[in-house]
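The structure file target27.tsv is reproduced below (TSV, C-alpha atoms).
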chain	number	residue	atom	x	y	z
A	141	MET	CA	39.28	-28.01	8.36
A	142	LYS	CA	35.83	-29.21	7.27
A	143	PHE	CA	35.07	-32.00	4.77
A	144	THR	CA	32.04	-33.85	3.48
A	145	LEU	CA	32.56	-37.59	3.96
A	146	GLU	CA	30.87	-39.84	1.38
A	147	THR	CA	30.23	-43.32	2.75
A	148	MET	CA	28.39	-46.19	1.08
A	149	CYS	CA	25.23	-45.33	3.01
A	150	HIS	CA	25.23	-41.59	3.67
A	151	GLU	CA	27.10	-38.29	3.76
A	152	GLU	CA	28.31	-36.54	6.88
A	153	GLU	CA	30.39	-33.54	7.85
A	154	ILE	CA	33.74	-34.25	9.50
A	155	HIS	CA	36.43	-31.97	10.91
A	156	PHE	CA	40.16	-32.48	10.59
A	157	GLU	CA	42.91	-30.73	12.53
A	158	MET	CA	45.95	-30.71	10.26
A	159	ARG	CA	49.36	-30.61	11.92
A	160	ARG	CA	51.60	-31.64	9.04
A	161	MET	CA	51.38	-31.87	5.25
A	162	VAL	CA	53.67	-33.99	3.10
A	163	ASN	CA	54.04	-34.07	-0.66
A	164	ALA	CA	55.43	-37.41	-1.80
A	165	GLY	CA	57.17	-37.89	-5.13
A	166	TYR	CA	58.43	-40.61	-7.45
A	167	THR	CA	55.99	-43.07	-5.88
A	168	GLY	CA	55.35	-45.36	-8.83
A	169	ARG	CA	55.18	-49.04	-7.91
A	170	ASN	CA	57.41	-49.83	-10.87
A	171	GLN	CA	60.62	-48.07	-9.85
A	172	GLU	CA	62.27	-48.89	-13.20
A	173	LYS	CA	59.66	-46.69	-14.88
A	174	VAL	CA	60.25	-44.08	-12.19
A	175	ARG	CA	63.94	-43.98	-13.10
A	176	SER	CA	63.02	-43.55	-16.78
A	177	HIS	CA	60.72	-40.68	-15.78
A	178	ILE	CA	63.57	-39.07	-13.82
A	179	GLU	CA	65.72	-39.14	-16.96
A	180	GLU	CA	62.89	-37.43	-18.89
A	181	LEU	CA	62.60	-34.75	-16.20
A	182	LYS	CA	66.34	-34.13	-16.28
A	183	LYS	CA	65.89	-33.03	-19.91
A	184	GLU	CA	63.39	-30.45	-18.59
A	185	GLY	CA	66.00	-29.21	-16.13
A	186	VAL	CA	64.53	-30.95	-13.06
A	187	PRO	CA	67.35	-32.29	-10.84
A	188	ALA	CA	67.34	-36.00	-10.01
A	189	PRO	CA	66.61	-36.95	-6.38
A	190	GLU	CA	69.23	-38.76	-4.34
A	191	SER	CA	66.81	-41.67	-3.82
A	192	THR	CA	63.20	-42.59	-4.52
A	193	PRO	CA	60.49	-42.31	-3.34
A	194	THR	CA	60.84	-38.78	-1.95
A	195	ALA	CA	58.91	-36.71	0.60
A	196	TYR	CA	58.77	-32.96	1.04
A	197	GLU	CA	57.51	-31.01	4.05
A	198	MET	CA	54.84	-28.45	3.11
A	199	ILE	CA	53.65	-25.30	4.82
A	200	THR	CA	50.31	-26.42	6.26
A	201	GLN	CA	48.44	-23.25	5.25
A	202	LEU	CA	49.21	-24.02	1.60
A	203	VAL	CA	46.24	-26.29	0.97
A	204	TYR	CA	43.38	-24.65	-0.92
A	205	PHE	CA	39.84	-25.66	-1.81
A	206	ASP	CA	39.32	-22.56	-3.98
A	207	ASP	CA	38.33	-22.48	-7.65
A	208	GLU	CA	41.18	-20.07	-8.47
A	209	ILE	CA	44.83	-19.81	-7.44
A	210	GLU	CA	47.44	-17.10	-8.01
A	211	VAL	CA	50.96	-17.89	-9.23
A	212	VAL	CA	54.03	-15.75	-9.98
A	213	SER	CA	55.23	-17.56	-13.11
A	214	GLU	CA	53.60	-18.57	-16.38
A	215	ARG	CA	55.50	-21.88	-16.24
A	216	THR	CA	53.42	-23.68	-13.60
A	217	SER	CA	51.34	-26.83	-13.90
A	218	GLY	CA	49.17	-29.14	-11.83
A	219	GLU	CA	49.74	-32.76	-10.86
A	220	ALA	CA	46.82	-35.14	-10.23
A	221	GLU	CA	47.32	-37.10	-6.99
A	222	TYR	CA	45.35	-39.03	-4.44
A	223	VAL	CA	45.39	-37.52	-0.96
A	224	LEU	CA	45.40	-39.34	2.39
A	225	VAL	CA	43.89	-37.57	5.38
A	226	CYS	CA	45.08	-39.30	8.57
A	227	SER	CA	42.86	-38.54	11.54
A	228	GLY	CA	43.48	-40.68	14.61
A	229	GLU	CA	42.87	-44.31	13.68
A	230	LYS	CA	40.84	-43.29	10.63
A	231	VAL	CA	42.17	-42.60	7.16
A	232	TYR	CA	40.23	-40.81	4.42
A	233	VAL	CA	40.92	-40.44	0.70
A	234	GLY	CA	40.60	-37.30	-1.40
A	235	VAL	CA	41.90	-36.10	-4.74
A	236	GLY	CA	44.16	-33.13	-5.27
A	237	SER	CA	46.82	-31.35	-7.26
A	238	ASP	CA	50.39	-30.57	-6.27
A	239	HIS	CA	50.66	-27.38	-8.35
A	240	THR	CA	54.33	-26.69	-9.10
A	241	ASP	CA	56.44	-23.83	-10.42
A	242	ARG	CA	58.52	-25.53	-13.14
A	243	GLU	CA	61.07	-22.70	-13.45
A	244	LEU	CA	61.89	-22.85	-9.75
A	245	GLU	CA	61.83	-26.65	-9.81
A	246	SER	CA	65.08	-26.65	-11.80
A	247	VAL	CA	66.69	-24.85	-8.83
A	248	SER	CA	64.91	-26.38	-5.82
A	249	ILE	CA	62.11	-28.95	-5.89
A	250	ILE	CA	60.92	-28.22	-2.36
A	251	LYS	CA	60.82	-24.45	-2.95
A	252	SER	CA	58.96	-24.93	-6.24
A	253	LYS	CA	56.20	-26.63	-4.26
A	254	GLN	CA	56.02	-24.01	-1.51
A	255	VAL	CA	55.54	-21.13	-3.95
A	256	CYS	CA	52.32	-22.73	-5.27
A	257	PRO	CA	49.49	-24.18	-3.17
A	258	ASN	CA	48.19	-27.71	-2.96
A	259	ILE	CA	44.57	-27.91	-4.09
A	260	MET	CA	42.21	-30.70	-3.09
A	261	SER	CA	38.60	-31.85	-2.99
A	262	ASP	CA	36.38	-30.90	-0.08
A	263	ARG	CA	34.80	-34.37	-0.26
A	264	LEU	CA	36.43	-37.59	1.00
A	265	TRP	CA	35.92	-41.35	0.98
A	266	PRO	CA	36.73	-43.65	3.93
A	267	LEU	CA	39.81	-45.61	2.89
A	268	LYS	CA	38.46	-48.84	4.37
A	269	GLU	CA	35.37	-48.66	2.12
A	270	VAL	CA	37.29	-48.20	-1.16
A	271	ARG	CA	40.38	-50.29	-0.36
A	272	ARG	CA	39.06	-53.43	-2.10
A	273	ASP	CA	38.52	-51.41	-5.30
A	274	TRP	CA	41.78	-49.50	-4.98
A	275	ASP	CA	43.80	-50.80	-7.93
A	276	GLU	CA	40.83	-50.32	-10.28
A	277	ILE	CA	40.21	-46.68	-9.30
A	278	ILE	CA	41.24	-44.26	-12.05
A	279	LEU	CA	43.20	-41.07	-11.40
A	280	ARG	CA	42.87	-38.42	-14.11
A	281	GLY	CA	44.00	-34.87	-14.73
A	282	TRP	CA	42.91	-32.33	-17.34
A	283	THR	CA	44.27	-28.97	-18.43
A	284	LYS	CA	43.50	-26.52	-21.23
A	285	ASN	CA	45.64	-25.79	-24.27
A	286	GLU	CA	46.39	-22.41	-25.85
A	287	GLU	CA	43.07	-22.54	-27.72
A	288	GLY	CA	41.21	-22.95	-24.42
A	289	GLN	CA	40.22	-26.55	-25.17
A	290	LYS	CA	40.09	-28.99	-22.26
A	291	ILE	CA	42.51	-31.86	-22.86
A	292	LEU	CA	43.32	-35.07	-21.00
A	293	TYR	CA	46.68	-34.53	-19.32
A	294	GLN	CA	47.11	-37.56	-17.04
A	295	GLU	CA	45.37	-40.91	-16.62
A	296	ALA	CA	46.32	-44.10	-14.78
A	297	LEU	CA	44.95	-46.74	-12.45
A	298	LEU	CA	45.95	-46.39	-8.80
A	299	SER	CA	47.75	-49.72	-9.26
A	300	ALA	CA	50.50	-47.60	-10.85
A	301	VAL	CA	51.16	-45.75	-7.58
A	302	MET	CA	52.30	-46.90	-4.13
A	303	THR	CA	49.51	-48.41	-2.05
A	304	PRO	CA	48.15	-46.20	0.73
A	305	GLU	CA	49.67	-48.51	3.35
A	306	ASP	CA	53.13	-48.38	1.76
A	307	LEU	CA	52.87	-44.62	1.35
A	308	MET	CA	51.89	-44.12	4.99
A	309	ASP	CA	54.67	-46.42	6.17
A	310	PHE	CA	57.17	-44.51	4.03
A	311	VAL	CA	56.13	-41.13	5.44
A	312	LYS	CA	55.96	-42.48	8.99
A	313	ASN	CA	59.49	-43.87	8.73
A	314	LYS	CA	60.76	-40.55	7.40
A	315	SER	CA	59.02	-38.60	10.16
A	316	THR	CA	60.77	-37.67	13.40
A	317	HIS	CA	57.44	-38.19	15.21
A	318	LYS	CA	56.76	-41.68	13.79
A	319	LYS	CA	53.07	-40.79	13.92
A	320	LEU	CA	50.62	-39.76	11.20
A	321	ASN	CA	47.72	-38.37	13.22
A	322	GLY	CA	46.91	-34.94	11.81
A	323	THR	CA	48.95	-35.56	8.65
A	324	MET	CA	47.80	-34.94	5.09
A	325	ILE	CA	49.77	-36.82	2.42
A	326	PHE	CA	49.75	-36.02	-1.31
A	327	SER	CA	50.64	-39.24	-3.09
A	328	GLY	CA	52.92	-38.17	-5.88
A	329	THR	CA	51.68	-38.03	-9.44
A	330	ILE	CA	51.35	-40.21	-12.55
A	331	PRO	CA	52.90	-39.88	-16.06
A	332	LEU	CA	51.73	-37.23	-18.53
A	333	VAL	CA	49.56	-38.26	-21.46
A	334	THR	CA	50.93	-35.26	-23.35
A	335	GLY	CA	54.55	-36.25	-22.73
A	336	THR	CA	55.54	-32.69	-21.79
A	337	PHE	CA	54.34	-30.09	-19.29
A	338	VAL	CA	51.37	-27.96	-20.34
A	339	TYR	CA	51.26	-24.55	-18.67
A	340	GLY	CA	47.55	-23.94	-18.98
A	341	PRO	CA	45.14	-21.58	-17.18
A	342	TYR	CA	43.09	-24.47	-15.80
A	343	PHE	CA	43.57	-27.78	-14.03
A	344	GLU	CA	41.23	-30.52	-12.91
A	345	ALA	CA	41.87	-33.77	-11.05
A	346	GLU	CA	39.53	-36.70	-10.50
A	347	LEU	CA	39.34	-40.06	-8.79
A	348	PHE	CA	36.78	-42.34	-10.44
A	349	ASN	CA	35.70	-45.69	-9.01
A	350	PRO	CA	34.24	-47.71	-11.94
A	351	ARG	CA	32.74	-50.30	-9.56
A	352	THR	CA	30.50	-47.76	-7.85
A	353	GLY	CA	30.41	-44.96	-10.41
A	354	LYS	CA	31.42	-42.46	-7.72
A	355	ARG	CA	33.86	-39.61	-8.31
A	356	LEU	CA	35.91	-37.14	-6.32
A	357	ASN	CA	36.91	-33.97	-8.12
A	358	CYS	CA	38.73	-30.68	-7.73
A	359	HIS	CA	39.24	-28.00	-10.37
A	360	TYR	CA	40.65	-24.50	-10.46
A	361	GLN	CA	41.69	-21.60	-12.65
A	362	VAL	CA	45.30	-20.42	-12.62
A	363	ARG	CA	45.92	-16.66	-12.61
A	364	VAL	CA	49.40	-15.24	-13.11
A	365	LEU	CA	50.02	-12.12	-11.02
A	366	ASP	CA	50.47	-9.24	-13.48
A	367	TYR	CA	48.73	-6.18	-12.07
A	368	LEU	CA	51.86	-4.11	-11.36
A	369	LYS	CA	53.98	-2.65	-14.14
A	370	GLY	CA	57.62	-3.62	-14.38
A	371	CYS	CA	57.41	-6.68	-12.09
Take the structure in the file and write it out as structure tokens.
Amino acid sequence: MKFTLETMCHEEEIHFEMRRMVNAGYTGRNQEKVRSHIEELKKEGVPAPESTPTAYEMITQLVYFDDEIEVVSERTSGEAEYVLVCSGEKVYVGVGSDHTDRELESVSIIKSKQVCPNIMSDRLWPLKEVRRDWDEIILRGWTKNEEGQKILYQEALLSAVMTPEDLMDFVKNKSTHKKLNGTMIFSGTIPLVTGTFVYGPYFEAELFNPRTGKRLNCHYQVRVLDYLKGC
């Protein structure tokens, strides 16, 4: 897997051999707000987890860098998340989307994530270079409404989500290997500005560091499979 690494001084190409991918969930630092969010999701038919935070194993081939994905249901939506890429002693940060089938989510959360891919940026930052700015970095997501207009869907500071160290410790403690080398971790998402899911044909996620003006971005079109009659 090839990425472009953006450092303070230069850009370079790096390679990453992924062995495991984990999608975290319910990772808000304020767990009281997380519980309120769980109650909101229950109204949408999403079952409550036994405990929070959560972690789900993902099929490693289900990470895309494409500008279009295919889905089998019209009721799917993206989730803006930061992404940790753990390579040996080094950790890199990207931005991505845990695209989820909301119909299947009411039956099985882990299956709803496997039926849609993860999408992420092909550019990364070294965690050690942005760690001091971490809580001021802004995570945003956009979608498009029925009129095709781009609308802000999610927005929060990274101070609203578990720190990268806490997230890595959580995943490491859940892992049978107790190691993170070769692991990609999607952080779990932030609340919706819209208040409800929007099943649009487009999604975009961004990390913006206001101290440096730098951004990481991924965006993609969503195409529902419909080329066979009677399916």
Computed gap from CA of Thr167 in chain A to CA of Ala300 in chain A is 8.7 Å
Have a look at A:Asn163, A:Lys290, A:His155, A:Thr352 and name the one nearest to Thr200 in chain A; count only C-alpha atoms.
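The shortest atom-to-atom distance to Thr200 in chain A comes from A:Asn163.
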Give me the residues within 9 Å of Phe143 in chain A as a compact mmCIF listing (two decimals) with C-alpha atoms, in the frame of the given file, counting all atoms listed in the file and dropping any in the same chain fewer than 5 places off.
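Saved result, part-v9.txt, follows:
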# COMPACT_ATOMS: atom_id res chain seq x y z
CA GLU A 152 28.31 -36.54 6.88
CA GLU A 153 30.39 -33.54 7.85
CA ILE A 154 33.74 -34.25 9.50
CA HIS A 155 36.43 -31.97 10.91
CA PHE A 156 40.16 -32.48 10.59
CA SER A 261 38.60 -31.85 -2.99
CA ASP A 262 36.38 -30.90 -0.08
CA ARG A 263 34.80 -34.37 -0.26
CA LEU A 264 36.43 -37.59 1.00
Spatial neighbours of Asn258 in chain A, 8 Å, only C-alpha atoms, chain gap at least 6 places, as number ranges by chain:
A: 202-204, 236-239
One decimal, Å: what's the distance from CA of Tyr196 in chain A over to CA of Gln361 in chain A, could you say?
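Computing it gives 24.7 Å between the two atoms.
With distances restricted to all atoms listed in the file, A:Asn170 is the closest residue to Val301 in chain A from A:Asn170, A:Ser252, A:Asn321, A:Thr216.
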Give me, as a PDB file with C-alpha atoms, in the coordinates of the input, all polymer residues having an atom no more than 7 Å from range 324-332 of chain A, counting only C-alpha atoms and skipping those fewer than 5 positions away in the same chain.
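So the final result, stored in out-v8.pdb, reads:
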ATOM      1  CA  MET A 158      45.950 -30.710  10.260  1.00  0.00           C
ATOM      2  CA  ARG A 160      51.600 -31.640   9.040  1.00  0.00           C
ATOM      3  CA  MET A 161      51.380 -31.870   5.250  1.00  0.00           C
ATOM      4  CA  VAL A 162      53.670 -33.990   3.100  1.00  0.00           C
ATOM      5  CA  ASN A 163      54.040 -34.070  -0.660  1.00  0.00           C
ATOM      6  CA  ALA A 164      55.430 -37.410  -1.800  1.00  0.00           C
ATOM      7  CA  GLY A 165      57.170 -37.890  -5.130  1.00  0.00           C
ATOM      8  CA  TYR A 166      58.430 -40.610  -7.450  1.00  0.00           C
ATOM      9  CA  THR A 167      55.990 -43.070  -5.880  1.00  0.00           C
ATOM     10  CA  GLU A 219      49.740 -32.760 -10.860  1.00  0.00           C
ATOM     11  CA  ALA A 220      46.820 -35.140 -10.230  1.00  0.00           C
ATOM     12  CA  GLU A 221      47.320 -37.100  -6.990  1.00  0.00           C
ATOM     13  CA  TYR A 222      45.350 -39.030  -4.440  1.00  0.00           C
ATOM     14  CA  VAL A 223      45.390 -37.520  -0.960  1.00  0.00           C
ATOM     15  CA  LEU A 224      45.400 -39.340   2.390  1.00  0.00           C
ATOM     16  CA  VAL A 225      43.890 -37.570   5.380  1.00  0.00           C
ATOM     17  CA  CYS A 226      45.080 -39.300   8.570  1.00  0.00           C
ATOM     18  CA  TYR A 293      46.680 -34.530 -19.320  1.00  0.00           C
ATOM     19  CA  GLN A 294      47.110 -37.560 -17.040  1.00  0.00           C
ATOM     20  CA  ALA A 296      46.320 -44.100 -14.780  1.00  0.00           C
TER      21      ALA A 296
END
Using all atoms of range 158-174 of chain A that appear in the file, construct an axis-aligned enclosing box with 5 Å of padding on every side and provide its centre coordinates and edge lengths in Å, rounded to one decimal, as lines of an AutoDock Vina configuration file.
center_x = 54.1
center_y = -40.2
center_z = -1.5
size_x = 26.3
size_y = 29.2
size_z = 36.8
Got a sec: who's within 12 Å of His150 in chain A, counting all atoms listed in the file, leaving out chain neighbours fewer than 5 positions off, as a ChimeraX atom specification?
/A:144-145,265-266
Quick one: distance from CA of Ser191 in chain A to CA of Ser315 in chain A in Å, one decimal?
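Between these atoms lies a distance of 16.3 Å.
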Provide range 304-346 of chain A of the preceding structure as a file containing N, CA and C atoms, as a CSV table (one decimal), in the first residue's frame.
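Result written to part_4.csv:
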chain,number,residue,atom,x,y,z
A,304,PRO,N,-5.3,9.7,20.0
A,304,PRO,CA,-4.7,8.5,19.3
A,304,PRO,C,-4.0,7.5,20.3
A,305,GLU,N,-3.4,8.0,21.3
A,305,GLU,CA,-2.8,7.1,22.3
A,305,GLU,C,-3.8,6.2,23.0
A,306,ASP,N,-4.9,6.8,23.4
A,306,ASP,CA,-6.0,6.0,24.1
A,306,ASP,C,-6.6,5.0,23.1
A,307,LEU,N,-6.8,5.5,21.8
A,307,LEU,CA,-7.4,4.6,20.8
A,307,LEU,C,-6.5,3.4,20.5
A,308,MET,N,-5.2,3.7,20.4
A,308,MET,CA,-4.3,2.6,20.1
A,308,MET,C,-4.2,1.6,21.3
A,309,ASP,N,-4.2,2.1,22.5
A,309,ASP,CA,-4.2,1.3,23.7
A,309,ASP,C,-5.4,0.4,23.8
A,310,PHE,N,-6.6,1.0,23.4
A,310,PHE,CA,-7.8,0.3,23.4
A,310,PHE,C,-7.8,-0.9,22.5
A,311,VAL,N,-7.4,-0.6,21.2
A,311,VAL,CA,-7.3,-1.6,20.2
A,311,VAL,C,-6.3,-2.7,20.6
A,312,LYS,N,-5.1,-2.3,21.1
A,312,LYS,CA,-4.1,-3.2,21.5
A,312,LYS,C,-4.6,-4.2,22.6
A,313,ASN,N,-5.3,-3.6,23.5
A,313,ASN,CA,-5.8,-4.4,24.6
A,313,ASN,C,-6.9,-5.4,24.2
A,314,LYS,N,-7.6,-5.0,23.1
A,314,LYS,CA,-8.6,-5.9,22.6
A,314,LYS,C,-8.0,-7.0,21.7
A,315,SER,N,-6.8,-6.7,21.2
A,315,SER,CA,-6.2,-7.6,20.2
A,315,SER,C,-5.6,-8.9,20.9
A,316,THR,N,-5.7,-10.0,20.2
A,316,THR,CA,-5.1,-11.2,20.7
A,316,THR,C,-3.6,-11.2,20.5
A,317,HIS,N,-3.1,-10.3,19.6
A,317,HIS,CA,-1.7,-10.2,19.3
A,317,HIS,C,-1.0,-9.2,20.3
A,318,LYS,N,-1.7,-8.2,20.8
A,318,LYS,CA,-1.2,-7.2,21.7
A,318,LYS,C,-0.1,-6.4,20.9
A,319,LYS,N,-0.2,-6.4,19.6
A,319,LYS,CA,0.7,-5.5,18.8
A,319,LYS,C,-0.1,-4.8,17.7
A,320,LEU,N,0.4,-3.6,17.3
A,320,LEU,CA,-0.3,-2.8,16.3
A,320,LEU,C,0.4,-2.7,15.0
A,321,ASN,N,1.6,-3.2,14.9
A,321,ASN,CA,2.4,-3.1,13.7
A,321,ASN,C,1.6,-3.7,12.5
A,322,GLY,N,1.4,-2.9,11.5
A,322,GLY,CA,0.6,-3.4,10.3
A,322,GLY,C,-0.9,-3.2,10.5
A,323,THR,N,-1.3,-2.4,11.5
A,323,THR,CA,-2.7,-2.2,11.8
A,323,THR,C,-3.2,-0.8,11.3
A,324,MET,N,-4.3,-0.8,10.7
A,324,MET,CA,-4.9,0.5,10.3
A,324,MET,C,-6.2,0.6,11.2
A,325,ILE,N,-6.3,1.8,11.9
A,325,ILE,CA,-7.4,2.0,12.8
A,325,ILE,C,-8.3,3.2,12.4
A,326,PHE,N,-9.6,2.9,12.1
A,326,PHE,CA,-10.5,4.0,11.9
A,326,PHE,C,-11.1,4.4,13.2
A,327,SER,N,-11.1,5.7,13.5
A,327,SER,CA,-11.3,6.2,14.8
A,327,SER,C,-12.7,6.1,15.4
A,328,GLY,N,-13.7,5.9,14.6
A,328,GLY,CA,-15.0,6.2,15.1
A,328,GLY,C,-15.4,7.6,14.7
A,329,THR,N,-16.7,7.9,14.6
A,329,THR,CA,-17.1,9.2,14.0
A,329,THR,C,-17.6,10.2,15.0
A,330,ILE,N,-18.0,11.3,14.5
A,330,ILE,CA,-18.5,12.4,15.3
A,330,ILE,C,-20.0,12.7,15.1
A,331,PRO,N,-20.7,13.4,15.9
A,331,PRO,CA,-22.1,13.7,15.7
A,331,PRO,C,-22.5,14.3,14.4
A,332,LEU,N,-23.7,14.1,14.0
A,332,LEU,CA,-24.2,14.7,12.7
A,332,LEU,C,-24.7,16.1,12.9
A,333,VAL,N,-24.3,17.0,12.0
A,333,VAL,CA,-24.9,18.3,12.0
A,333,VAL,C,-26.3,18.3,11.7
A,334,THR,N,-26.7,17.4,10.8
A,334,THR,CA,-28.1,17.3,10.3
A,334,THR,C,-29.0,16.7,11.3
A,335,GLY,N,-28.5,15.9,12.2
A,335,GLY,CA,-29.3,15.3,13.2
A,335,GLY,C,-29.8,13.9,12.8
A,336,THR,N,-29.9,13.7,11.5
A,336,THR,CA,-30.4,12.4,11.0
A,336,THR,C,-29.5,12.0,9.8
A,337,PHE,N,-29.5,10.7,9.5
A,337,PHE,CA,-28.7,10.2,8.4
A,337,PHE,C,-29.1,10.8,7.1
A,338,VAL,N,-28.2,11.1,6.2
A,338,VAL,CA,-28.5,11.6,4.8
A,338,VAL,C,-27.9,10.6,3.9
A,339,TYR,N,-28.8,10.0,3.1
A,339,TYR,CA,-28.3,8.9,2.1
A,339,TYR,C,-28.0,9.5,0.8
A,340,GLY,N,-27.0,10.3,0.7
A,340,GLY,CA,-26.7,11.0,-0.5
A,340,GLY,C,-25.7,10.3,-1.5
A,341,PRO,N,-25.6,10.8,-2.7
A,341,PRO,CA,-24.7,10.1,-3.7
A,341,PRO,C,-23.3,10.5,-3.6
A,342,TYR,N,-22.9,11.2,-2.6
A,342,TYR,CA,-21.6,11.8,-2.5
A,342,TYR,C,-21.2,11.9,-1.0
A,343,PHE,N,-19.9,11.7,-0.7
A,343,PHE,CA,-19.4,12.0,0.6
A,343,PHE,C,-18.0,12.5,0.6
A,344,GLU,N,-17.7,13.3,1.5
A,344,GLU,CA,-16.3,13.9,1.6
A,344,GLU,C,-15.9,14.1,3.0
A,345,ALA,N,-14.7,13.8,3.4
A,345,ALA,CA,-14.2,13.9,4.7
A,345,ALA,C,-12.9,14.7,4.7
A,346,GLU,N,-12.7,15.5,5.7
A,346,GLU,CA,-11.5,16.3,5.8
A,346,GLU,C,-10.9,16.5,7.2
